[in-house]
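Novice: File follows, my_file-v3.txt with compact mmCIF, C-alpha atoms:
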# COMPACT_ATOMS: atom_id res chain seq x y z
CA MET E 1 18.05 5.10 -4.35
CA SER E 2 19.71 2.05 -5.83
CA GLU E 3 19.14 -1.38 -4.38
CA SER E 4 22.81 -1.81 -3.40
CA SER E 5 22.94 1.46 -1.43
CA SER E 6 19.80 0.85 0.62
CA PRO E 7 20.30 -0.17 4.26
CA LEU E 8 16.94 -1.93 4.19
CA ARG E 9 15.97 -5.23 2.64
CA VAL E 10 12.33 -4.24 2.44
CA GLY E 11 10.64 -3.37 -0.83
CA CYS E 12 7.55 -1.32 -1.54
CA VAL E 13 4.60 -2.09 -3.82
CA LEU E 14 2.32 0.82 -4.64
CA MET E 15 -0.99 -0.67 -5.73
CA ALA E 16 -2.51 1.58 -8.39
CA ALA E 17 -4.55 -0.63 -10.72
CA GLY E 18 -8.10 -0.31 -9.41
CA PHE E 19 -11.04 0.76 -11.58
CA GLY E 20 -12.56 3.11 -8.99
CA ARG E 21 -16.07 1.80 -9.71
CA ARG E 22 -17.53 3.16 -6.47
CA PHE E 23 -15.86 6.49 -7.19
CA GLY E 24 -17.32 6.61 -10.68
CA GLY E 25 -14.02 6.54 -12.57
CA ASN E 26 -10.26 6.60 -12.14
CA LYS E 27 -9.97 8.15 -8.70
CA LEU E 28 -6.16 8.03 -8.81
CA LEU E 29 -6.21 11.23 -10.88
CA THR E 30 -8.38 13.03 -8.33
CA ARG E 31 -6.52 15.91 -6.70
CA THR E 32 -6.19 16.65 -3.01
CA ASP E 33 -4.45 19.93 -2.24
CA GLY E 34 -3.75 20.18 -5.94
CA VAL E 35 -1.94 16.83 -6.15
CA PRO E 36 -3.35 13.64 -7.75
CA LEU E 37 -3.84 10.80 -5.30
CA TYR E 38 -1.22 8.61 -6.94
CA GLU E 39 1.39 11.39 -6.81
CA ARG E 40 0.58 12.05 -3.17
CA ALA E 41 1.20 8.37 -2.39
CA MET E 42 4.52 8.44 -4.24
CA GLU E 43 5.56 11.58 -2.36
CA VAL E 44 4.90 9.92 0.99
CA LEU E 45 6.80 6.75 0.09
CA SER E 46 9.71 8.25 -1.87
CA PRO E 47 11.78 9.55 1.09
CA ILE E 48 12.00 6.07 2.62
CA PRO E 49 15.13 4.07 1.68
CA PHE E 50 13.37 0.97 0.41
CA ALA E 51 15.60 -1.63 -1.21
CA ARG E 52 13.25 -1.60 -4.20
CA ARG E 53 10.08 0.29 -5.17
CA VAL E 54 7.51 -0.66 -7.78
CA VAL E 55 4.18 0.77 -8.86
CA VAL E 56 1.68 -1.69 -10.36
CA SER E 57 -0.98 -0.09 -12.53
CA GLN E 58 -3.08 -0.30 -15.67
CA TYR E 59 -2.93 3.46 -16.16
CA PRO E 60 -0.24 4.98 -18.43
CA GLU E 61 -0.21 8.26 -16.48
CA VAL E 62 0.66 6.47 -13.26
CA LEU E 63 3.28 4.22 -14.87
CA ARG E 64 4.97 7.18 -16.57
CA ALA E 65 5.21 9.03 -13.26
CA GLY E 66 6.88 6.11 -11.47
CA PRO E 67 10.55 6.35 -12.54
CA SER E 68 10.99 10.00 -11.60
CA ARG E 69 9.85 9.10 -8.07
CA GLY E 70 12.00 5.97 -7.85
CA PHE E 71 9.23 3.47 -8.67
CA ALA E 72 9.80 0.85 -11.34
CA PRO E 73 6.58 0.69 -13.40
CA ILE E 74 4.83 -2.67 -13.78
CA TRP E 75 1.97 -2.99 -16.24
CA ASN E 76 -1.02 -4.90 -14.90
CA ALA E 77 -2.78 -6.43 -17.87
CA ALA E 78 -5.03 -8.49 -15.58
CA ALA E 79 -6.43 -5.60 -13.52
CA GLY E 80 -9.95 -6.80 -14.25
CA GLU E 81 -9.35 -9.86 -12.08
CA GLY E 82 -9.13 -7.74 -8.94
CA ILE E 83 -6.59 -6.90 -6.26
CA ALA E 84 -4.85 -10.28 -6.36
CA ALA E 85 -3.31 -9.63 -9.79
CA THR E 86 -1.59 -6.51 -8.45
CA VAL E 87 -0.39 -8.34 -5.35
CA ARG E 88 1.07 -11.19 -7.40
CA LEU E 89 2.93 -8.85 -9.75
CA GLY E 90 4.27 -6.76 -6.89
CA THR E 91 5.39 -9.74 -4.87
CA ALA E 92 7.22 -11.26 -7.85
CA ALA E 93 9.07 -7.97 -8.38
CA LEU E 94 10.38 -8.02 -4.80
CA GLU E 95 11.72 -11.56 -4.75
CA GLY E 96 14.97 -11.87 -2.83
CA LEU E 97 14.09 -9.21 -0.26
CA ASP E 98 13.25 -9.78 3.39
CA GLY E 99 9.89 -8.06 3.31
CA ALA E 100 7.34 -6.30 1.12
CA LEU E 101 5.25 -3.29 2.08
CA PHE E 102 1.97 -2.93 0.18
CA ALA E 103 0.48 0.54 0.01
CA VAL E 104 -2.60 1.90 -1.73
CA CYS E 105 -3.05 5.26 -3.44
CA ASP E 106 -6.33 6.34 -1.86
CA GLN E 107 -5.11 7.24 1.65
CA PRO E 108 -4.32 10.95 1.21
CA PHE E 109 -3.64 11.51 4.91
CA LEU E 110 -1.02 8.79 5.32
CA THR E 111 2.33 10.09 6.58
CA THR E 112 5.92 9.08 5.94
CA GLU E 113 6.45 8.93 9.71
CA SER E 114 3.88 6.17 10.15
CA ILE E 115 5.48 4.10 7.37
CA LEU E 116 8.87 4.53 9.03
CA ASN E 117 7.29 3.25 12.25
CA LEU E 118 6.09 0.18 10.35
CA LEU E 119 9.60 -0.44 9.08
CA GLN E 120 11.08 -0.05 12.54
CA SER E 121 8.56 -2.55 13.88
CA PHE E 122 9.50 -4.99 11.13
CA MET E 123 13.20 -4.66 11.92
CA GLN E 124 12.43 -5.67 15.50
CA SER E 125 10.30 -8.67 14.46
CA PRO E 126 11.17 -9.57 10.84
CA THR E 127 9.17 -12.81 10.80
CA HIS E 128 5.86 -11.10 11.55
CA ILE E 129 3.25 -9.25 9.50
CA HIS E 130 3.13 -5.56 10.45
CA ALA E 131 0.08 -3.42 9.73
CA LEU E 132 -0.78 0.20 10.38
CA SER E 133 -3.78 0.38 12.71
CA TRP E 134 -6.04 2.58 14.74
CA HIS E 135 -7.37 1.40 18.12
CA GLY E 136 -6.78 -2.23 17.23
CA GLN E 137 -8.31 -2.11 13.75
CA ARG E 138 -5.95 -3.26 11.02
CA GLY E 139 -5.50 -1.00 8.02
CA ASN E 140 -2.99 -0.16 5.29
CA PRO E 141 -0.12 -0.23 4.58
CA VAL E 142 0.82 -3.78 5.53
CA LEU E 143 4.37 -5.17 5.55
CA PHE E 144 4.78 -8.90 4.92
CA PRO E 145 7.89 -10.98 5.63
CA ALA E 146 9.40 -13.08 2.84
CA SER E 147 7.91 -16.20 4.42
CA CYS E 148 4.49 -14.95 3.20
CA PHE E 149 5.57 -14.35 -0.40
CA SER E 150 4.42 -17.76 -1.65
CA GLU E 151 0.93 -17.18 -0.23
CA LEU E 152 0.79 -13.70 -1.73
CA ARG E 153 1.76 -15.08 -5.14
CA ALA E 154 -1.02 -17.67 -4.89
CA LEU E 155 -3.85 -15.15 -4.35
CA THR E 156 -6.62 -14.96 -6.93
CA GLY E 157 -9.65 -12.79 -7.56
CA ASP E 158 -10.49 -9.64 -5.65
CA ARG E 159 -8.83 -10.68 -2.41
CA GLY E 160 -5.54 -9.11 -1.41
CA GLY E 161 -2.96 -9.52 1.30
CA GLY E 162 -5.59 -9.11 3.99
CA LYS E 163 -6.58 -12.71 3.28
CA VAL E 164 -3.03 -13.84 4.08
CA ALA E 165 -2.94 -11.76 7.26
CA ALA E 166 -6.26 -13.27 8.35
CA ARG E 167 -4.78 -16.77 8.04
CA HIS E 168 -2.00 -15.89 10.47
CA PRO E 169 -3.52 -13.73 13.23
CA GLU E 170 -0.79 -14.81 15.64
CA GLN E 171 1.80 -13.24 13.32
CA VAL E 172 0.13 -9.85 12.94
CA VAL E 173 1.68 -6.90 14.75
CA LEU E 174 -0.41 -3.72 14.79
CA VAL E 175 1.43 -0.41 14.63
CA GLU E 176 -0.68 2.52 15.78
CA ALA E 177 -1.02 5.44 13.37
CA ALA E 178 -0.64 9.01 14.57
CA SER E 179 -4.32 9.69 13.87
CA PRO E 180 -7.40 7.88 12.52
CA GLN E 181 -7.24 10.08 9.42
CA GLU E 182 -4.22 8.19 8.14
CA LEU E 183 -6.28 5.04 7.62
CA ARG E 184 -9.11 6.78 5.78
CA ASP E 185 -9.48 5.72 2.18
CA ILE E 186 -11.29 7.48 -0.63
CA ASP E 187 -14.04 5.32 -2.15
CA CYS E 188 -16.40 7.99 -3.45
CA PRO E 189 -16.22 11.76 -4.13
CA GLU E 190 -18.02 12.51 -0.87
CA ASP E 191 -15.13 10.97 1.08
CA LEU E 192 -12.92 13.87 0.04
CA MET E 193 -15.21 16.19 1.99
CA GLN E 194 -15.37 14.02 5.11
CA THR E 195 -12.06 14.33 6.85
CA SER E 196 -12.92 14.03 10.54
CA ASP E 197 -14.75 10.78 11.24
CA TYR E 198 -13.13 7.36 10.85
CA GLY E 199 -15.60 4.65 10.07
CA LYS E 200 -14.40 2.73 7.06
CA GLU E 201 -13.30 -0.88 6.92
CA PRO E 202 -9.60 -0.84 5.91
CA ARG E 203 -8.73 -2.89 2.83
CA LEU E 204 -5.70 -4.60 1.38
When written as structure tokens, how does the structure in this file appear?
Specialist:
Amino acid sequence: MSESSSPLRVGCVLMAAGFGRRFGGNKLLTRTDGVPLYERAMEVLSPIPFARRVVVSQYPEVLRAGPSRGFAPIWNAAAGEGIAATVRLGTAALEGLDGALFAVCDQPFLTTESILNLLQSFMQSPTHIHALSWHGQRGNPVLFPASCFSELRALTGDRGGGKVAARHPEQVVLVEAASPQELRDIDCPEDLMQTSDYGKEPRL
């Protein structure tokens, strides 16, 4: 969907530049139900009429897949720095919009419906930070208003947008997911076989 035809002024950043060290390699290529994790994330996000979509990655396979799903590819040459490099690149690509949603690739149970709920919450309170949650625990994705863009662009190291959200607890609105599974992330191969218990600390 082109930027001019979108009814929303919210953009989407798909963060896909991690090394997967705890997983033992590039986990983005790992398949769930026959689909690589990065493709699954794109499938969930693609139906939503974002004003702009980008995928930030160091992996050619992921970048090549972006355009066919409506994601402009952004090469992350500084992936070794940590999450902040991806956040900075994604934020810069969404300048001029009213908000930026940051999503990760390793939540295979995330649903389009929950992301739409996040967007609806943002439309009701566009100056707040909106995060998917379960029983009061903040998780991903997180949607930041434009007023946070300067702080997101100033991040360094292996700290992401969660650091910005922590600075402004009074601005954070939690949007309950349909199930705890949606917030599960895949850190190691064993996580793919554990689909019932939620006990991980969400990251951004």
Novice: Expressed in Å to a single decimal, how great is the separation between CA of Thr156 (chain E) and CA of Pro141 (chain E)?
Specialist: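 Going from CA of Thr156 (chain E) over to CA of Pro141 (chain E), I get 19.8 Å.
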Novice: Which residues are close to Val175 (chain E), i.e. within 12 Å by only C-alpha atoms, leaving aside same-chain residues fewer than 2 positions away? Reply as number ranges by chain.
Specialist: E: 113-122, 128-143, 172-173, 177-179, 183
Novice: Given all atoms listed in the file as the basis, pick out the residue of E:Asp185, E:Asp158, E:Glu95, E:Glu61 nearest to Ala78 (chain E).
Specialist: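 Closest candidate: E:Asp158.
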Novice: Please determine, counting all atoms listed in the file, which residue among E:Ala65, E:Cys105, E:Val13, E:Ala77 has the shortest atom-to-atom distance to Thr30 (chain E).
Specialist: E:Cys105
Novice: To one decimal place in Å, what is the distance between CA of Phe102 (chain E) and CA of Arg184 (chain E)?
Specialist: 15.8 Å
Novice: Would you mind telling me which residue in E:Leu152, E:Ala72, E:Ala103, E:Ala85 lies nearest to Leu14 (chain E) when using all atoms listed in the file?
Specialist: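 Ranked by minimum distance to Leu14 (chain E), first place goes to E:Ala103.
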Novice: Which of these, E:Thr112, E:Gln171, E:Ser57, E:Ser46, has the shortest distance to Ser125 (chain E) once you count all atoms listed in the file?
Specialist: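 Nearest candidate to Ser125 (chain E) out of E:Thr112, E:Gln171, E:Ser57, E:Ser46: E:Gln171.
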Novice: Counting all atoms listed in the file, what is within 6 Å of Gly99 (chain E), bar same-chain residues fewer than 5 positions away, as a VMD selection string?
Specialist: chain E and resid 10 144 to 146
Novice: Output, as lines of an AutoDock Vina configuration file, the centre and edge lengths in Å (one decimal) of the axis-aligned box that contains all listed atoms of region 9-16 of chain E with 4 Å of margin on each side.
Specialist:
center_x = 6.7
center_y = -1.8
center_z = -2.9
size_x = 26.5
size_y = 14.8
size_z = 19.0
Novice: Report, in Å to a single decimal, how far apart CA of Ala165 (chain E) and CA of Ser147 (chain E) are.
Specialist: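 Between CA of Ser147 (chain E) and CA of Ala165 (chain E) the gap works out to 12.1 Å.
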Novice: Provide region 98-179 of chain E of the preceding structure as a file containing C-alpha atoms, as a short mmCIF file (atom, residue, chain, number, x, y, z; two decimals), in the first residue's frame.
Specialist:
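Once written, part_33.cif looks like this:
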data_model
loop_
_atom_site.label_atom_id
_atom_site.label_comp_id
_atom_site.auth_asym_id
_atom_site.auth_seq_id
_atom_site.Cartn_x
_atom_site.Cartn_y
_atom_site.Cartn_z
CA ASP E 98 2.77 10.27 13.83
CA GLY E 99 3.96 7.00 15.29
CA ALA E 100 6.26 4.02 14.81
CA LEU E 101 5.47 0.42 15.67
CA PHE E 102 8.51 -1.77 16.38
CA ALA E 103 8.06 -5.49 15.92
CA VAL E 104 10.47 -8.40 16.23
CA CYS E 105 10.64 -11.55 14.12
CA ASP E 106 10.81 -14.15 16.88
CA GLN E 107 7.19 -14.06 18.10
CA PRO E 108 5.61 -16.76 15.91
CA PHE E 109 2.28 -16.66 17.74
CA LEU E 110 1.64 -12.93 17.35
CA THR E 111 -1.62 -12.13 15.55
CA THR E 112 -2.68 -9.37 13.19
CA GLU E 113 -5.70 -8.75 15.42
CA SER E 114 -3.54 -7.81 18.40
CA ILE E 115 -1.52 -5.36 16.29
CA LEU E 116 -4.75 -3.78 15.06
CA ASN E 117 -5.78 -3.40 18.71
CA LEU E 118 -2.50 -1.58 19.36
CA LEU E 119 -3.20 0.78 16.48
CA GLN E 120 -6.72 1.44 17.69
CA SER E 121 -5.37 2.24 21.15
CA PHE E 122 -2.86 4.64 19.61
CA MET E 123 -5.57 6.43 17.64
CA GLN E 124 -7.41 7.04 20.90
CA SER E 125 -4.29 8.34 22.70
CA PRO E 126 -1.72 9.37 20.06
CA THR E 127 0.67 11.00 22.53
CA HIS E 128 1.22 7.81 24.53
CA ILE E 129 3.42 4.72 24.14
CA HIS E 130 1.31 1.62 23.48
CA ALA E 131 2.64 -1.87 24.15
CA LEU E 132 1.18 -5.33 23.79
CA SER E 133 1.00 -6.99 27.20
CA TRP E 134 -0.17 -9.94 29.19
CA HIS E 135 -1.49 -9.50 32.74
CA GLY E 136 0.30 -6.18 33.13
CA GLN E 137 3.66 -7.31 31.74
CA ARG E 138 4.87 -5.20 28.83
CA GLY E 139 5.95 -7.02 25.70
CA ASN E 140 6.29 -6.51 21.94
CA PRO E 141 5.29 -4.93 19.65
CA VAL E 142 5.50 -1.38 21.00
CA LEU E 143 4.12 1.70 19.26
CA PHE E 144 5.85 5.02 19.96
CA PRO E 145 4.48 8.49 19.22
CA ALA E 146 6.57 10.91 17.17
CA SER E 147 7.44 12.81 20.35
CA CYS E 148 9.70 9.84 21.27
CA PHE E 149 11.55 9.72 17.95
CA SER E 150 14.45 11.89 19.11
CA GLU E 151 15.04 9.58 22.10
CA LEU E 152 14.85 6.50 19.88
CA ARG E 153 17.41 8.01 17.49
CA ALA E 154 19.75 8.68 20.43
CA LEU E 155 19.88 5.06 21.66
CA THR E 156 23.20 3.25 21.65
CA GLY E 157 24.45 -0.25 22.36
CA ASP E 158 22.23 -3.23 23.00
CA ARG E 159 19.35 -1.29 24.49
CA GLY E 160 16.20 -0.75 22.45
CA GLY E 161 12.96 1.14 22.76
CA GLY E 162 12.22 -0.49 26.10
CA LYS E 163 14.71 1.94 27.60
CA VAL E 164 12.65 4.86 26.27
CA ALA E 165 9.42 3.35 27.56
CA ALA E 166 11.01 2.86 30.99
CA ARG E 167 11.83 6.59 31.14
CA HIS E 168 8.18 7.49 30.65
CA PRO E 169 6.08 5.00 32.66
CA GLU E 170 3.26 7.53 32.92
CA GLN E 171 2.96 7.49 29.12
CA VAL E 172 2.79 3.72 28.67
CA VAL E 173 -0.57 2.19 27.78
CA LEU E 174 -0.73 -1.60 27.96
CA VAL E 175 -2.93 -3.39 25.43
CA GLU E 176 -3.81 -6.93 26.46
CA ALA E 177 -2.99 -9.69 23.98
CA ALA E 178 -5.51 -12.40 23.20
CA SER E 179 -3.28 -15.01 24.84
#
